[in-house]
Amino acid sequence: MMPVSFYVESDVLALLEPIPCVLIAREDNALRLLQKMHRDIQELRSVLSHFPDVLYQPLEMHYAVSKAIAAVNEKLISDLTSNFGWGGVVYAAFLAAFRPMMPFADYLRIARNRAPQNQWLVDLALREIEGCSDPEVGGHQSLIRAIRATLPSYPGEHIHLREWPIGEELAQLNLEKDAIAAVYRKSGASEAISEIKSSPWSKLLMV
């Protein structure tokens with residue numbers, strides 16, 4: 001069965017992997033992470049201003065967040081809130097807090113109950129989208145706003161999220177899938193892999 005995602009899962013996971021879900025999921029851990037990011041920005045602002053020509057290991061989290069923010073759009077928020085479990089909801093809320101856009105709000109509201117332990121982060125993102133403050137997470141909000149204002153713009157050409165085909169391309173991909181399955185049943189895995197390499201699936205599966 002073809003996936004309902006807009007983007008190839010491995011590309012989404014590669015984009016988000018440098019941002020530790022276990023840290024941003026918990027309110028206290030997220031606050032400490034944001035405090036460190038803000039402190040590092042203050043101390044290393046001159047280094048950060050030379051991105052992407054100069055990269056510095058202590059700023060890797062800033063680069064990762066900047067890249068994810070540059071990539072986030074309604075399609076990615078849809079994927080994260082629908083196809084990546086509670087962790088996807090956490091990532092969607094975190095990114096939406098840094099790049100608050102009204103189209104993201106409905107996805108977050110619908111997905112809120114899928115991450116019962118992390119609803120505070122969904123609510124924080126919704127408050128940012130609405131442009132209002134929440135005293136319960138005021139520290140998080142002020143840090144996010146300060147970091148957002150100083151993060152560098154990530155070069156778009158360095159962001160690679162492959163989209164699943166739609167329409168006629170999707171129909172053709174399904175035909176190719178059936179052909180590959182037939183080769184596998186008749187000739188085995190080795191021949192099936194060769195068939196994949198010569199088909200549109202190769203670009204999606206990185207074979």
# chains A, B, ... in the order shown; residues from 1 in each chain; ligands from 1
>>> residues_around(residues="segment 50-56 of chain A", least_positions_apart="5", cutoff="8 Å", atoms="only C-alpha atoms", output="PyMOL selection string")
chain A and resi 152+154-155
>>> residues_around(residues="Ala25 of chain A", least_positions_apart="3", cutoff="9 Å", atoms="only C-alpha atoms", output="PyMOL selection string")
chain A and resi 20-22+28-30+87+90-91+94+117-118+121
>>> residues_around(residues="Glu157 of chain A", least_positions_apart="2", cutoff="12 Å", atoms="only C-alpha atoms", output="PyMOL selection string")
chain A and resi 52+67+70-71+153-155+159-161
>>> closest_residue(among="A:Ala64, A:Ala111, A:Val12, A:Met101", to="Leu151 of chain A", atoms="only C-alpha atoms")
A:Ala64
>>> select_by_dssp(residues="segment 34-206 of chain A", states="alpha helix (DSSP H)", output="PyMOL selection string")
chain A and resi 34-43+45-48+60-71+74-83+85-98+104-111+119-130+138-150+167-187+189-197+201-205
>>> residues_around(residues="Glu136 of chain A", least_positions_apart="4", cutoff="10 Å", atoms="only C-alpha atoms", output="NGL selection string")
:A and (120 or 124 or 140-141)
>>> residues_around(residues="Gln119 of chain A", least_positions_apart="2", cutoff="12 Å", atoms="only C-alpha atoms", output="list of chain:residue names")
A:Ala25, A:Arg26, A:Glu27, A:Trp86, A:Gly87, A:Val89, A:Val90, A:Ala92, A:Ala93, A:Phe94, A:Leu108, A:Arg109, A:Ile110, A:Ala111, A:Arg112, A:Asn113, A:Arg114, A:Ala115, A:Pro116, A:Gln117, A:Leu121, A:Val122, A:Asp123, A:Leu124, A:Ala125, A:Leu126, A:Val137
>>> closest_atom_pairs(of="segment 12-38 of chain A", to="segment 72-78 of chain A", cutoff="12 Å", atoms="only C-alpha atoms", output="JSON lines")
{"residue": "A:Val12", "atom": "CA", "partner": "A:Leu76", "partner_atom": "CA", "distance": 8.2}
{"residue": "A:Leu13", "atom": "CA", "partner": "A:Leu76", "partner_atom": "CA", "distance": 11.4}
{"residue": "A:Leu15", "atom": "CA", "partner": "A:Val72", "partner_atom": "CA", "distance": 10.2}
{"residue": "A:Leu16", "atom": "CA", "partner": "A:Val72", "partner_atom": "CA", "distance": 10.7}
>>> write_last_selection(atoms="N, CA, C and O atoms", output="PDB file, in the first residue's frame")
ATOM      1  N   VAL A  12      12.662  12.970   6.076  1.00  0.00           N
ATOM      2  CA  VAL A  12      12.119  13.682   7.235  1.00  0.00           C
ATOM      3  C   VAL A  12      12.909  13.315   8.486  1.00  0.00           C
ATOM      4  O   VAL A  12      13.284  14.187   9.282  1.00  0.00           O
ATOM      5  N   LEU A  13      13.186  12.037   8.665  1.00  0.00           N
ATOM      6  CA  LEU A  13      13.930  11.596   9.843  1.00  0.00           C
ATOM      7  C   LEU A  13      15.349  12.167   9.845  1.00  0.00           C
ATOM      8  O   LEU A  13      15.856  12.568  10.902  1.00  0.00           O
ATOM      9  N   LEU A  15      16.282  14.975   8.531  1.00  0.00           N
ATOM     10  CA  LEU A  15      16.164  16.404   8.824  1.00  0.00           C
ATOM     11  C   LEU A  15      16.059  16.652  10.330  1.00  0.00           C
ATOM     12  O   LEU A  15      16.668  17.585  10.865  1.00  0.00           O
ATOM     13  N   LEU A  16      15.297  15.796  11.021  1.00  0.00           N
ATOM     14  CA  LEU A  16      14.982  16.037  12.425  1.00  0.00           C
ATOM     15  C   LEU A  16      15.910  15.336  13.406  1.00  0.00           C
ATOM     16  O   LEU A  16      15.943  15.688  14.591  1.00  0.00           O
TER      17      LEU A  16
END
>>> atom_distance(atom1="atom CA of Glu130 of chain A", atom2="atom CA of Met102 of chain A")
7.6 Å
>>> atom_distance(atom1="atom CA of Met37 of chain A", atom2="atom CA of Asp11 of chain A")
24.8 Å
>>> residues_around(residues="Ile144 of chain A", least_positions_apart="5", cutoff="9 Å", atoms="only C-alpha atoms", output="list in words")
Leu34, His38, Ala97, Phe98, Gly139 and Ala149 of chain A
>>> atom_distance(atom1="atom CA of Leu80 of chain A", atom2="atom CA of Leu33 of chain A")
21.6 Å
